[in-house]
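Novice: Hey, dropping upload11.cif in here, mmCIF, N, CA and C atoms and all ligand atoms:
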```cif
data_data
loop_
_atom_site.label_atom_id
_atom_site.label_comp_id
_atom_site.auth_asym_id
_atom_site.auth_seq_id
_atom_site.Cartn_x
_atom_site.Cartn_y
_atom_site.Cartn_z
N MET A 1 47.29 56.18 101.04
CA MET A 1 45.91 56.07 101.51
C MET A 1 45.76 54.85 102.43
N ASN A 2 45.00 55.01 103.50
CA ASN A 2 44.79 53.88 104.41
C ASN A 2 43.63 53.02 103.90
N SER A 3 43.95 51.78 103.47
CA SER A 3 42.91 50.94 102.89
C SER A 3 42.36 49.93 103.90
N ARG A 4 42.81 50.04 105.15
CA ARG A 4 42.30 49.09 106.15
C ARG A 4 40.82 49.32 106.39
N LYS A 5 40.12 48.22 106.51
CA LYS A 5 38.68 48.32 106.73
C LYS A 5 38.40 48.33 108.23
N THR A 6 37.45 49.16 108.65
CA THR A 6 37.04 49.14 110.05
C THR A 6 35.73 48.39 110.15
N ASN A 7 35.73 47.36 110.98
CA ASN A 7 34.53 46.55 111.16
C ASN A 7 33.77 46.97 112.41
N ARG A 8 32.47 47.14 112.24
CA ARG A 8 31.59 47.35 113.40
C ARG A 8 31.21 45.97 113.92
N ILE A 9 31.41 45.77 115.23
CA ILE A 9 31.18 44.45 115.81
C ILE A 9 30.15 44.55 116.95
N GLY A 10 29.17 43.67 116.91
CA GLY A 10 28.20 43.58 118.01
C GLY A 10 28.51 42.36 118.85
N ILE A 11 28.66 42.56 120.15
CA ILE A 11 29.04 41.45 121.04
C ILE A 11 28.01 41.32 122.17
N ALA A 12 27.59 40.07 122.41
CA ALA A 12 26.58 39.81 123.45
C ALA A 12 27.27 39.35 124.74
N ILE A 13 27.12 40.16 125.77
CA ILE A 13 27.64 39.79 127.09
C ILE A 13 26.44 39.20 127.82
N VAL A 14 26.29 37.89 127.70
CA VAL A 14 25.09 37.25 128.24
C VAL A 14 25.32 36.87 129.70
N GLU A 15 24.53 37.49 130.58
CA GLU A 15 24.69 37.27 132.02
C GLU A 15 23.50 36.48 132.55
N HIS A 16 23.82 35.50 133.40
CA HIS A 16 22.77 34.75 134.09
C HIS A 16 23.30 34.34 135.45
N GLN A 17 22.72 34.89 136.51
CA GLN A 17 23.14 34.60 137.88
C GLN A 17 24.66 34.77 138.07
N ARG A 18 25.16 35.90 137.63
CA ARG A 18 26.58 36.27 137.75
C ARG A 18 27.52 35.33 136.99
N GLN A 19 26.95 34.66 135.98
CA GLN A 19 27.78 33.83 135.10
C GLN A 19 27.65 34.39 133.68
N PHE A 20 28.69 34.17 132.87
CA PHE A 20 28.72 34.73 131.53
C PHE A 20 28.99 33.65 130.49
N LEU A 21 28.37 33.82 129.34
CA LEU A 21 28.46 32.84 128.26
C LEU A 21 29.71 33.12 127.41
N ILE A 22 30.61 32.14 127.40
CA ILE A 22 31.93 32.36 126.77
C ILE A 22 32.34 31.13 125.96
N GLY A 23 32.97 31.38 124.81
CA GLY A 23 33.50 30.29 123.99
C GLY A 23 34.97 30.53 123.68
N VAL A 24 35.50 29.70 122.80
CA VAL A 24 36.90 29.84 122.38
C VAL A 24 36.90 30.02 120.87
N ARG A 25 37.67 31.00 120.38
CA ARG A 25 37.70 31.24 118.93
C ARG A 25 38.35 30.05 118.23
N PRO A 26 37.70 29.55 117.17
CA PRO A 26 38.19 28.34 116.51
C PRO A 26 39.49 28.56 115.74
N SER A 27 40.16 27.47 115.42
CA SER A 27 41.40 27.60 114.65
C SER A 27 41.06 28.09 113.24
N GLY A 28 41.97 28.78 112.65
CA GLY A 28 41.78 29.27 111.28
C GLY A 28 41.19 30.67 111.20
N VAL A 29 40.77 31.25 112.34
CA VAL A 29 40.26 32.63 112.31
C VAL A 29 41.24 33.52 113.07
N ALA A 30 41.10 34.83 112.88
CA ALA A 30 41.94 35.77 113.64
C ALA A 30 41.72 35.55 115.13
N LEU A 31 42.77 35.66 115.90
CA LEU A 31 42.73 35.50 117.36
C LEU A 31 42.24 34.10 117.76
N ALA A 32 42.60 33.11 116.97
CA ALA A 32 42.22 31.72 117.27
C ALA A 32 42.76 31.32 118.64
N GLY A 33 41.96 30.59 119.39
CA GLY A 33 42.38 30.09 120.70
C GLY A 33 42.06 31.04 121.85
N PHE A 34 41.76 32.30 121.53
CA PHE A 34 41.39 33.25 122.59
C PHE A 34 39.94 33.00 123.01
N HIS A 35 39.65 33.30 124.27
CA HIS A 35 38.26 33.24 124.71
C HIS A 35 37.49 34.40 124.07
N GLU A 36 36.19 34.22 123.91
CA GLU A 36 35.37 35.29 123.31
C GLU A 36 33.94 35.22 123.81
N PHE A 37 33.30 36.36 123.80
CA PHE A 37 31.85 36.43 123.99
C PHE A 37 31.24 36.26 122.60
N PRO A 38 30.01 35.73 122.51
CA PRO A 38 29.41 35.59 121.18
C PRO A 38 29.27 36.95 120.50
N GLY A 39 29.60 36.99 119.22
CA GLY A 39 29.49 38.26 118.50
C GLY A 39 30.09 38.16 117.12
N GLY A 40 30.01 39.23 116.37
CA GLY A 40 30.57 39.25 115.02
C GLY A 40 30.28 40.56 114.32
N LYS A 41 30.58 40.57 113.02
CA LYS A 41 30.45 41.81 112.25
C LYS A 41 28.99 42.19 112.03
N CYS A 42 28.73 43.48 112.14
CA CYS A 42 27.38 43.98 111.85
C CYS A 42 27.16 43.99 110.35
N ARG A 43 25.96 43.62 109.95
CA ARG A 43 25.58 43.74 108.54
C ARG A 43 25.29 45.21 108.23
N ALA A 44 25.28 45.54 106.93
CA ALA A 44 24.94 46.92 106.54
C ALA A 44 23.57 47.25 107.10
N GLU A 45 23.41 48.42 107.64
CA GLU A 45 22.12 48.90 108.18
C GLU A 45 21.70 48.22 109.49
N GLU A 46 22.49 47.26 109.97
CA GLU A 46 22.11 46.56 111.21
C GLU A 46 22.68 47.30 112.41
N THR A 47 21.88 47.48 113.45
CA THR A 47 22.42 48.10 114.67
C THR A 47 23.31 47.08 115.38
N ALA A 48 24.22 47.60 116.20
CA ALA A 48 25.11 46.71 116.95
C ALA A 48 24.29 45.86 117.93
N GLU A 49 23.24 46.42 118.46
CA GLU A 49 22.35 45.71 119.39
C GLU A 49 21.73 44.50 118.70
N ALA A 50 21.15 44.73 117.51
CA ALA A 50 20.52 43.64 116.75
C ALA A 50 21.56 42.61 116.34
N CYS A 51 22.75 43.08 116.00
CA CYS A 51 23.83 42.18 115.59
C CYS A 51 24.22 41.27 116.76
N ALA A 52 24.34 41.84 117.95
CA ALA A 52 24.73 41.04 119.12
C ALA A 52 23.71 39.92 119.37
N VAL A 53 22.43 40.26 119.27
CA VAL A 53 21.36 39.28 119.49
C VAL A 53 21.39 38.19 118.40
N ARG A 54 21.56 38.63 117.14
CA ARG A 54 21.60 37.67 116.01
C ARG A 54 22.81 36.74 116.10
N GLU A 55 23.99 37.32 116.35
CA GLU A 55 25.21 36.50 116.42
C GLU A 55 25.14 35.52 117.58
N CYS A 56 24.54 35.95 118.68
CA CYS A 56 24.43 35.06 119.84
C CYS A 56 23.57 33.85 119.48
N LYS A 57 22.47 34.09 118.79
CA LYS A 57 21.58 33.00 118.37
C LYS A 57 22.32 32.06 117.41
N GLU A 58 23.04 32.65 116.43
CA GLU A 58 23.75 31.84 115.43
C GLU A 58 24.86 31.01 116.07
N GLU A 59 25.60 31.62 116.98
CA GLU A 59 26.79 30.95 117.52
C GLU A 59 26.49 30.01 118.68
N THR A 60 25.46 30.32 119.47
CA THR A 60 25.22 29.51 120.68
C THR A 60 23.85 28.84 120.67
N GLY A 61 22.95 29.26 119.80
CA GLY A 61 21.59 28.73 119.78
C GLY A 61 20.67 29.40 120.78
N LEU A 62 21.22 30.31 121.58
CA LEU A 62 20.44 30.94 122.65
C LEU A 62 19.75 32.22 122.20
N ASP A 63 18.46 32.34 122.53
CA ASP A 63 17.72 33.58 122.29
C ASP A 63 17.97 34.51 123.47
N VAL A 64 18.38 35.74 123.17
CA VAL A 64 18.64 36.70 124.26
C VAL A 64 17.92 38.02 124.00
N ILE A 65 17.77 38.76 125.09
CA ILE A 65 17.22 40.12 125.00
C ILE A 65 18.35 41.08 125.34
N ALA A 66 18.56 42.08 124.48
CA ALA A 66 19.60 43.07 124.75
C ALA A 66 19.09 44.05 125.82
N VAL A 67 19.92 44.35 126.79
CA VAL A 67 19.51 45.21 127.91
C VAL A 67 20.08 46.62 127.75
N ASN A 68 21.38 46.74 127.70
CA ASN A 68 22.00 48.04 127.46
C ASN A 68 23.45 47.88 127.01
N GLU A 69 23.97 48.93 126.38
CA GLU A 69 25.38 48.86 125.94
C GLU A 69 26.27 49.13 127.14
N LEU A 70 27.14 48.16 127.43
CA LEU A 70 28.02 48.26 128.61
C LEU A 70 29.24 49.12 128.30
N LEU A 71 29.75 48.96 127.08
CA LEU A 71 31.02 49.60 126.76
C LEU A 71 31.19 49.65 125.25
N TYR A 72 31.87 50.71 124.79
CA TYR A 72 32.25 50.82 123.38
C TYR A 72 33.76 50.95 123.33
N GLU A 73 34.38 50.18 122.47
CA GLU A 73 35.85 50.14 122.43
C GLU A 73 36.32 50.13 120.97
N GLU A 74 37.32 50.99 120.66
CA GLU A 74 37.93 50.92 119.33
C GLU A 74 39.31 50.32 119.49
N HIS A 75 39.67 49.44 118.56
CA HIS A 75 40.97 48.78 118.70
C HIS A 75 41.55 48.45 117.33
N ALA A 76 42.89 48.60 117.20
CA ALA A 76 43.58 48.24 115.96
C ALA A 76 44.33 46.94 116.18
N TYR A 77 43.83 45.86 115.59
CA TYR A 77 44.55 44.58 115.59
C TYR A 77 45.39 44.52 114.33
N ASP A 78 46.29 43.55 114.23
CA ASP A 78 47.04 43.36 112.98
C ASP A 78 46.08 43.00 111.84
N HIS A 79 45.04 42.22 112.15
CA HIS A 79 44.16 41.72 111.09
C HIS A 79 43.07 42.73 110.70
N ALA A 80 42.75 43.67 111.58
CA ALA A 80 41.66 44.62 111.28
C ALA A 80 41.55 45.69 112.36
N ASP A 81 40.91 46.79 111.98
CA ASP A 81 40.49 47.79 112.98
C ASP A 81 39.05 47.46 113.34
N VAL A 82 38.76 47.49 114.64
CA VAL A 82 37.40 47.11 115.05
C VAL A 82 36.77 48.16 115.95
N LYS A 83 35.47 48.29 115.81
CA LYS A 83 34.66 49.13 116.71
C LYS A 83 33.76 48.16 117.45
N LEU A 84 34.06 47.93 118.70
CA LEU A 84 33.37 46.88 119.46
C LEU A 84 32.25 47.47 120.32
N HIS A 85 31.06 46.97 120.13
CA HIS A 85 29.91 47.37 120.95
C HIS A 85 29.56 46.18 121.84
N PHE A 86 29.86 46.30 123.13
CA PHE A 86 29.58 45.22 124.08
C PHE A 86 28.20 45.45 124.67
N TRP A 87 27.26 44.57 124.33
CA TRP A 87 25.88 44.71 124.80
C TRP A 87 25.55 43.70 125.90
N LEU A 88 25.10 44.19 127.05
CA LEU A 88 24.63 43.30 128.10
C LEU A 88 23.32 42.66 127.63
N CYS A 89 23.25 41.33 127.73
CA CYS A 89 22.05 40.61 127.28
C CYS A 89 21.62 39.61 128.35
N ARG A 90 20.35 39.25 128.30
CA ARG A 90 19.82 38.24 129.24
C ARG A 90 19.16 37.15 128.42
N PRO A 91 19.29 35.87 128.86
CA PRO A 91 18.63 34.78 128.13
C PRO A 91 17.12 34.93 128.19
N LYS A 92 16.44 34.54 127.10
CA LYS A 92 14.98 34.55 127.10
C LYS A 92 14.43 33.31 127.78
N GLN A 93 15.22 32.22 127.73
CA GLN A 93 14.76 30.94 128.27
C GLN A 93 14.65 30.94 129.79
N SER A 94 13.85 30.01 130.31
CA SER A 94 13.73 29.85 131.76
C SER A 94 14.94 29.07 132.27
N LEU A 95 15.09 29.06 133.59
CA LEU A 95 16.21 28.37 134.22
C LEU A 95 16.24 26.89 133.83
N THR A 96 15.08 26.23 133.84
CA THR A 96 15.01 24.79 133.51
C THR A 96 15.42 24.57 132.05
N GLU A 97 14.91 25.41 131.18
CA GLU A 97 15.25 25.27 129.76
C GLU A 97 16.75 25.48 129.54
N LEU A 98 17.33 26.42 130.29
CA LEU A 98 18.74 26.73 130.13
C LEU A 98 19.62 25.54 130.49
N LYS A 99 19.20 24.77 131.50
CA LYS A 99 20.00 23.62 131.97
C LYS A 99 20.17 22.60 130.86
N ASP A 100 19.14 22.45 130.01
CA ASP A 100 19.19 21.44 128.94
C ASP A 100 19.71 22.01 127.63
N CYS A 101 20.10 23.25 127.66
CA CYS A 101 20.48 23.92 126.42
C CYS A 101 21.84 23.46 125.89
N ASP A 102 21.88 23.10 124.60
CA ASP A 102 23.16 22.82 123.96
C ASP A 102 23.70 24.15 123.45
N LEU A 103 24.79 24.59 123.98
CA LEU A 103 25.28 25.94 123.66
C LEU A 103 26.39 25.94 122.62
N LYS A 104 26.47 24.87 121.85
CA LYS A 104 27.40 24.76 120.71
C LYS A 104 28.84 25.10 121.11
N GLY A 105 29.29 24.58 122.22
CA GLY A 105 30.68 24.81 122.61
C GLY A 105 30.90 26.04 123.48
N PHE A 106 29.84 26.82 123.69
CA PHE A 106 29.94 27.94 124.65
C PHE A 106 29.58 27.41 126.04
N HIS A 107 30.13 28.04 127.07
CA HIS A 107 29.87 27.59 128.45
C HIS A 107 29.66 28.79 129.36
N TRP A 108 29.03 28.50 130.53
CA TRP A 108 28.83 29.56 131.54
C TRP A 108 30.06 29.62 132.44
N PHE A 109 30.60 30.82 132.62
CA PHE A 109 31.76 31.03 133.50
C PHE A 109 31.37 32.03 134.59
N PRO A 110 31.66 31.68 135.87
CA PRO A 110 31.38 32.65 136.94
C PRO A 110 32.26 33.89 136.80
N VAL A 111 31.73 35.02 137.24
CA VAL A 111 32.45 36.28 137.07
C VAL A 111 33.87 36.22 137.64
N GLU A 112 34.06 35.49 138.75
CA GLU A 112 35.38 35.43 139.39
C GLU A 112 36.44 34.80 138.47
N SER A 113 36.01 33.96 137.54
CA SER A 113 36.99 33.26 136.69
C SER A 113 37.41 34.09 135.48
N LEU A 114 36.71 35.18 135.22
CA LEU A 114 36.99 35.94 133.99
C LEU A 114 38.45 36.42 133.88
N PRO A 115 39.06 36.94 134.98
CA PRO A 115 40.44 37.42 134.85
C PRO A 115 41.44 36.31 134.52
N GLU A 116 41.07 35.04 134.76
CA GLU A 116 41.97 33.92 134.47
C GLU A 116 41.95 33.54 132.99
N LEU A 117 40.92 33.95 132.28
CA LEU A 117 40.76 33.53 130.88
C LEU A 117 41.56 34.46 129.97
N GLN A 118 41.90 33.93 128.79
CA GLN A 118 42.69 34.74 127.85
C GLN A 118 41.79 35.32 126.76
N PHE A 119 41.44 36.58 126.93
CA PHE A 119 40.58 37.29 125.96
C PHE A 119 41.45 38.13 125.02
N PRO A 120 40.90 38.52 123.86
CA PRO A 120 41.61 39.48 123.01
C PRO A 120 41.88 40.78 123.79
N GLU A 121 42.95 41.45 123.38
CA GLU A 121 43.39 42.68 124.06
C GLU A 121 42.27 43.70 124.28
N ALA A 122 41.41 43.85 123.29
CA ALA A 122 40.38 44.89 123.35
C ALA A 122 39.32 44.61 124.41
N ASN A 123 39.35 43.41 125.03
CA ASN A 123 38.35 43.09 126.05
C ASN A 123 38.79 43.50 127.46
N ALA A 124 40.02 44.01 127.59
CA ALA A 124 40.58 44.24 128.93
C ALA A 124 39.70 45.13 129.81
N ARG A 125 39.26 46.26 129.28
CA ARG A 125 38.43 47.20 130.09
C ARG A 125 37.10 46.58 130.45
N LEU A 126 36.55 45.81 129.50
CA LEU A 126 35.26 45.17 129.74
C LEU A 126 35.36 44.17 130.90
N ILE A 127 36.42 43.37 130.91
CA ILE A 127 36.58 42.36 131.96
C ILE A 127 36.66 43.05 133.32
N LYS A 128 37.43 44.14 133.39
CA LYS A 128 37.53 44.89 134.65
C LYS A 128 36.16 45.40 135.08
N LEU A 129 35.41 45.89 134.13
CA LEU A 129 34.08 46.43 134.42
C LEU A 129 33.16 45.32 134.95
N LEU A 130 33.19 44.15 134.31
CA LEU A 130 32.31 43.05 134.74
C LEU A 130 32.69 42.59 136.14
N VAL A 131 34.00 42.46 136.38
CA VAL A 131 34.44 42.00 137.70
C VAL A 131 34.02 43.00 138.77
N SER A 132 34.20 44.29 138.50
CA SER A 132 33.85 45.28 139.53
C SER A 132 32.33 45.40 139.69
N SER A 133 31.57 45.15 138.64
CA SER A 133 30.12 45.30 138.75
C SER A 133 29.43 44.05 139.32
N TYR A 134 29.98 42.87 139.06
CA TYR A 134 29.25 41.64 139.41
C TYR A 134 29.88 40.82 140.53
N SER A 135 31.07 41.22 141.04
CA SER A 135 31.66 40.45 142.14
C SER A 135 30.83 40.64 143.39
N ASP A 136 30.89 39.64 144.28
CA ASP A 136 30.05 39.58 145.47
C ASP A 136 30.27 40.73 146.45
N SER A 137 31.56 40.99 146.77
CA SER A 137 31.87 41.92 147.87
C SER A 137 31.53 43.37 147.52
N1 LIG B 1 33.03 37.60 118.98
C1 LIG B 1 33.94 38.33 119.57
N2 LIG B 1 34.85 39.05 118.85
C2 LIG B 1 35.74 39.77 119.54
C3 LIG B 1 35.76 39.81 120.96
N3 LIG B 1 36.77 40.64 121.34
C4 LIG B 1 37.37 41.10 120.22
O1 LIG B 1 38.31 41.87 120.16
N4 LIG B 1 36.74 40.57 119.11
C5 LIG B 1 37.13 40.87 117.73
C6 LIG B 1 37.74 39.70 116.99
C7 LIG B 1 37.38 40.00 115.56
O2 LIG B 1 38.32 40.92 115.05
C8 LIG B 1 36.02 40.69 115.69
C9 LIG B 1 34.87 39.74 115.51
O3 LIG B 1 34.77 39.43 114.18
P1 LIG B 1 34.60 37.97 113.60
O4 LIG B 1 35.51 37.84 112.46
O5 LIG B 1 34.68 36.95 114.68
O6 LIG B 1 33.10 38.12 113.14
P2 LIG B 1 32.16 37.15 112.30
O7 LIG B 1 31.65 36.08 113.22
O8 LIG B 1 31.17 38.06 111.64
O9 LIG B 1 33.17 36.49 111.29
P3 LIG B 1 33.03 36.02 109.78
O10 LIG B 1 31.58 35.91 109.48
O11 LIG B 1 33.74 37.09 109.00
O12 LIG B 1 33.79 34.72 109.80
O13 LIG B 1 35.98 41.24 116.99
C10 LIG B 1 34.82 39.05 121.69
O14 LIG B 1 34.77 39.03 122.93
N5 LIG B 1 33.93 38.33 120.95
#
```
In structure tokens, how does this file's structure come out?

Specialist:
Amino acid sequence: MNSRKTNRIGIAIVEHQRQFLIGVRPSGVALAGFHEFPGGKCRAEETAEACAVRECKEETGLDVIAVNELLYEEHAYDHADVKLHFWLCRPKQSLTELKDCDLKGFHWFPVESLPELQFPEANARLIKLLVSSYSDS
């Protein structure tokens, strides 16, 4: 019998002026050291959309509005099977408020820099999608 648990994950792809909110997974967790968008496991009965908004607030302090689901990805890691719901989100704060925002170790990265960063394997299609959708040319 397969006893591996499948986790539903809500992830916030927070976009502001073609920049994205990104952090680094801390040591001691699965995929430590990889770049990540704010997100985490959905609670029972919680939609992936609500989870993305909640996790973003918890991890970065930023209030966001979910816009639409950009991509759904299933992936088998050594540590777990995951169902990833990548939700495009926008900050609720104004531009001035955002400048003073302490993002708890998360930072804004321009879309052009995304391919240089080291994301977990399951993010590959998403990164391609963001680059093709948000690049200037
Ligand atoms: N946050 C986040 N997780 C990602 C990304 N890409 C990706 O494959 N993942 C995977 C890594 C983990 O297996 C899973 C997220 O689960 P997690 O363990 O970080 O969630 P959590 O914050 O609820 O963790 P915890 O409460 O159990 O400590 O999704 C990403 O861009 N952001």

Novice: What is the atom C of A:Trp87-atom C of A:Ser135 distance in Å, reported with one decimal?

Specialist: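 Interatomic distance here is 18.5 Å.
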
Novice: One decimal, in Å: what's the spacing between atom C of A:Pro120 and atom C of A:Asp63?

Specialist: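 Atom C of A:Asp63 lies at a distance of 24.7 Å from atom C of A:Pro120.
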
Novice: Please provide the set of residues having any atom within 8 Å of A:Ala52, restricted to only N, CA and C atoms, with same-chain residues fewer than 5 positions apart removed, written as a list in words.

Specialist: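 Here the qualifying residues turn out to be Ile9, Gly10, Ile11, Ala12, Ile13, Pro38, Gly39, Gly40, Lys41, Cys42, Glu46, Thr47, Lys57, Glu58, Val64, Ala66, His85, Phe86 and Trp87 of chain A.
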
Novice: For A:Lys128, which residue among A:Cys51, A:Ala80, A:Leu21, A:Leu114 is the nearest when counting all atoms listed in the file?

Specialist: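 Checking each candidate against A:Lys128, we get A:Leu114 as the closest.
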
Novice: With a distance cut-off of 6.5 Å and all atoms listed in the file, select the neighbouring residues of stretch 97-110 of chain A, excluding the residue or stretch itself and same-chain residues fewer than 2 positions from it, and output the selection as number ranges by chain.

Specialist: A: 18-24, 59-62, 93-95, 112-114

Novice: Here is a test: counting only C-alpha atoms and all ligand atoms, which residue of A:Glu15, A:Glu45, A:Glu74, A:Glu36 is nearest to ligand LIG 1 (chain B)?

Specialist: A:Glu36

Novice: Where does DSSP see strand (DSSP E) in stretch 28-109 of chain A, if you list the residues as a short mmCIF file (atom, residue, chain, number, x, y, z; two decimals) with N, CA and C atoms, in the coordinates of the input?

Specialist:
```
data_model
loop_
_atom_site.label_atom_id
_atom_site.label_comp_id
_atom_site.auth_asym_id
_atom_site.auth_seq_id
_atom_site.Cartn_x
_atom_site.Cartn_y
_atom_site.Cartn_z
N HIS A 35 39.65 33.30 124.27
CA HIS A 35 38.26 33.24 124.71
C HIS A 35 37.49 34.40 124.07
N GLU A 36 36.19 34.22 123.91
CA GLU A 36 35.37 35.29 123.31
C GLU A 36 33.94 35.22 123.81
N GLY A 39 29.60 36.99 119.22
CA GLY A 39 29.49 38.26 118.50
C GLY A 39 30.09 38.16 117.12
N GLY A 40 30.01 39.23 116.37
CA GLY A 40 30.57 39.25 115.02
C GLY A 40 30.28 40.56 114.32
N LYS A 41 30.58 40.57 113.02
CA LYS A 41 30.45 41.81 112.25
C LYS A 41 28.99 42.19 112.03
N VAL A 64 18.38 35.74 123.17
CA VAL A 64 18.64 36.70 124.26
C VAL A 64 17.92 38.02 124.00
N ILE A 65 17.77 38.76 125.09
CA ILE A 65 17.22 40.12 125.00
C ILE A 65 18.35 41.08 125.34
N ALA A 66 18.56 42.08 124.48
CA ALA A 66 19.60 43.07 124.75
C ALA A 66 19.09 44.05 125.82
N VAL A 67 19.92 44.35 126.79
CA VAL A 67 19.51 45.21 127.91
C VAL A 67 20.08 46.62 127.75
N ASN A 68 21.38 46.74 127.70
CA ASN A 68 22.00 48.04 127.46
C ASN A 68 23.45 47.88 127.01
N GLU A 69 23.97 48.93 126.38
CA GLU A 69 25.38 48.86 125.94
C GLU A 69 26.27 49.13 127.14
N LEU A 70 27.14 48.16 127.43
CA LEU A 70 28.02 48.26 128.61
C LEU A 70 29.24 49.12 128.30
N LEU A 71 29.75 48.96 127.08
CA LEU A 71 31.02 49.60 126.76
C LEU A 71 31.19 49.65 125.25
N TYR A 72 31.87 50.71 124.79
CA TYR A 72 32.25 50.82 123.38
C TYR A 72 33.76 50.95 123.33
N GLU A 73 34.38 50.18 122.47
CA GLU A 73 35.85 50.14 122.43
C GLU A 73 36.32 50.13 120.97
N GLU A 74 37.32 50.99 120.66
CA GLU A 74 37.93 50.92 119.33
C GLU A 74 39.31 50.32 119.49
N HIS A 75 39.67 49.44 118.56
CA HIS A 75 40.97 48.78 118.70
C HIS A 75 41.55 48.45 117.33
N ALA A 76 42.89 48.60 117.20
CA ALA A 76 43.58 48.24 115.96
C ALA A 76 44.33 46.94 116.18
N ASP A 81 40.91 46.79 111.98
CA ASP A 81 40.49 47.79 112.98
C ASP A 81 39.05 47.46 113.34
N VAL A 82 38.76 47.49 114.64
CA VAL A 82 37.40 47.11 115.05
C VAL A 82 36.77 48.16 115.95
N LYS A 83 35.47 48.29 115.81
CA LYS A 83 34.66 49.13 116.71
C LYS A 83 33.76 48.16 117.45
N LEU A 84 34.06 47.93 118.70
CA LEU A 84 33.37 46.88 119.46
C LEU A 84 32.25 47.47 120.32
N HIS A 85 31.06 46.97 120.13
CA HIS A 85 29.91 47.37 120.95
C HIS A 85 29.56 46.18 121.84
N PHE A 86 29.86 46.30 123.13
CA PHE A 86 29.58 45.22 124.08
C PHE A 86 28.20 45.45 124.67
N TRP A 87 27.26 44.57 124.33
CA TRP A 87 25.88 44.71 124.80
C TRP A 87 25.55 43.70 125.90
N LEU A 88 25.10 44.19 127.05
CA LEU A 88 24.63 43.30 128.10
C LEU A 88 23.32 42.66 127.63
N CYS A 89 23.25 41.33 127.73
CA CYS A 89 22.05 40.61 127.28
C CYS A 89 21.62 39.61 128.35
N ARG A 90 20.35 39.25 128.30
CA ARG A 90 19.82 38.24 129.24
C ARG A 90 19.16 37.15 128.42
N PRO A 91 19.29 35.87 128.86
CA PRO A 91 18.63 34.78 128.13
C PRO A 91 17.12 34.93 128.19
N HIS A 107 30.13 28.04 127.07
CA HIS A 107 29.87 27.59 128.45
C HIS A 107 29.66 28.79 129.36
N TRP A 108 29.03 28.50 130.53
CA TRP A 108 28.83 29.56 131.54
C TRP A 108 30.06 29.62 132.44
N PHE A 109 30.60 30.82 132.62
CA PHE A 109 31.76 31.03 133.50
C PHE A 109 31.37 32.03 134.59
#
```

Novice: Looking at only C-alpha atoms and all ligand atoms, which of A:Tyr72, A:Ala124, A:Phe37, A:Arg4 is the one that sits closest to ligand LIG 1 (chain B)?

Specialist: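 When distances to ligand LIG 1 (chain B) are compared using only C-alpha atoms and all ligand atoms, the smallest one comes from A:Phe37.
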
Novice: Tell me, as number ranges by chain, which residues lie within 12 Å of A:Asp78, counting only C-alpha atoms; anything in the same chain fewer than 6 positions away does not count.

Specialist: A: 4-6, 30-31, 121

Novice: So how many Å separate atom CA of A:Arg8 and atom N of A:Lys83, to one decimal?

Specialist: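 Answer for the atom CA of A:Arg8 to atom N of A:Lys83 separation: 4.7 Å.
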
Novice: Among chain A, which residues carry a DSSP assignment of helix (DSSP H, G or I), reported as a ChimeraX atom specification?

Specialist: /A:48-60,95-99,111-116,121-134

Novice: Rank nothing, just name the residue among A:Val14, A:Ala48, A:His35, A:Leu88 nearest to ligand LIG 1 (chain B), using only N, CA and C atoms and all ligand atoms.

Specialist: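 Answer, going by the shortest atom-to-atom distance: A:His35.
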
Novice: Could you tell me which of A:Leu117, A:Leu84, A:Leu70, A:Ala50 comes closest to ligand LIG 1 (chain B) if we count only C-alpha atoms and all ligand atoms?

Specialist: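 When distances to ligand LIG 1 (chain B) are compared using only C-alpha atoms and all ligand atoms, the smallest one comes from A:Leu84.
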
Novice: With only N, CA and C atoms and all ligand atoms as the basis for distance, which of A:Gln17, A:Gly33, A:His79, A:Ser133 is at the shortest distance from ligand LIG 1 (chain B)?

Specialist: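 Checking each candidate against ligand LIG 1 (chain B), we get A:His79 as the closest.
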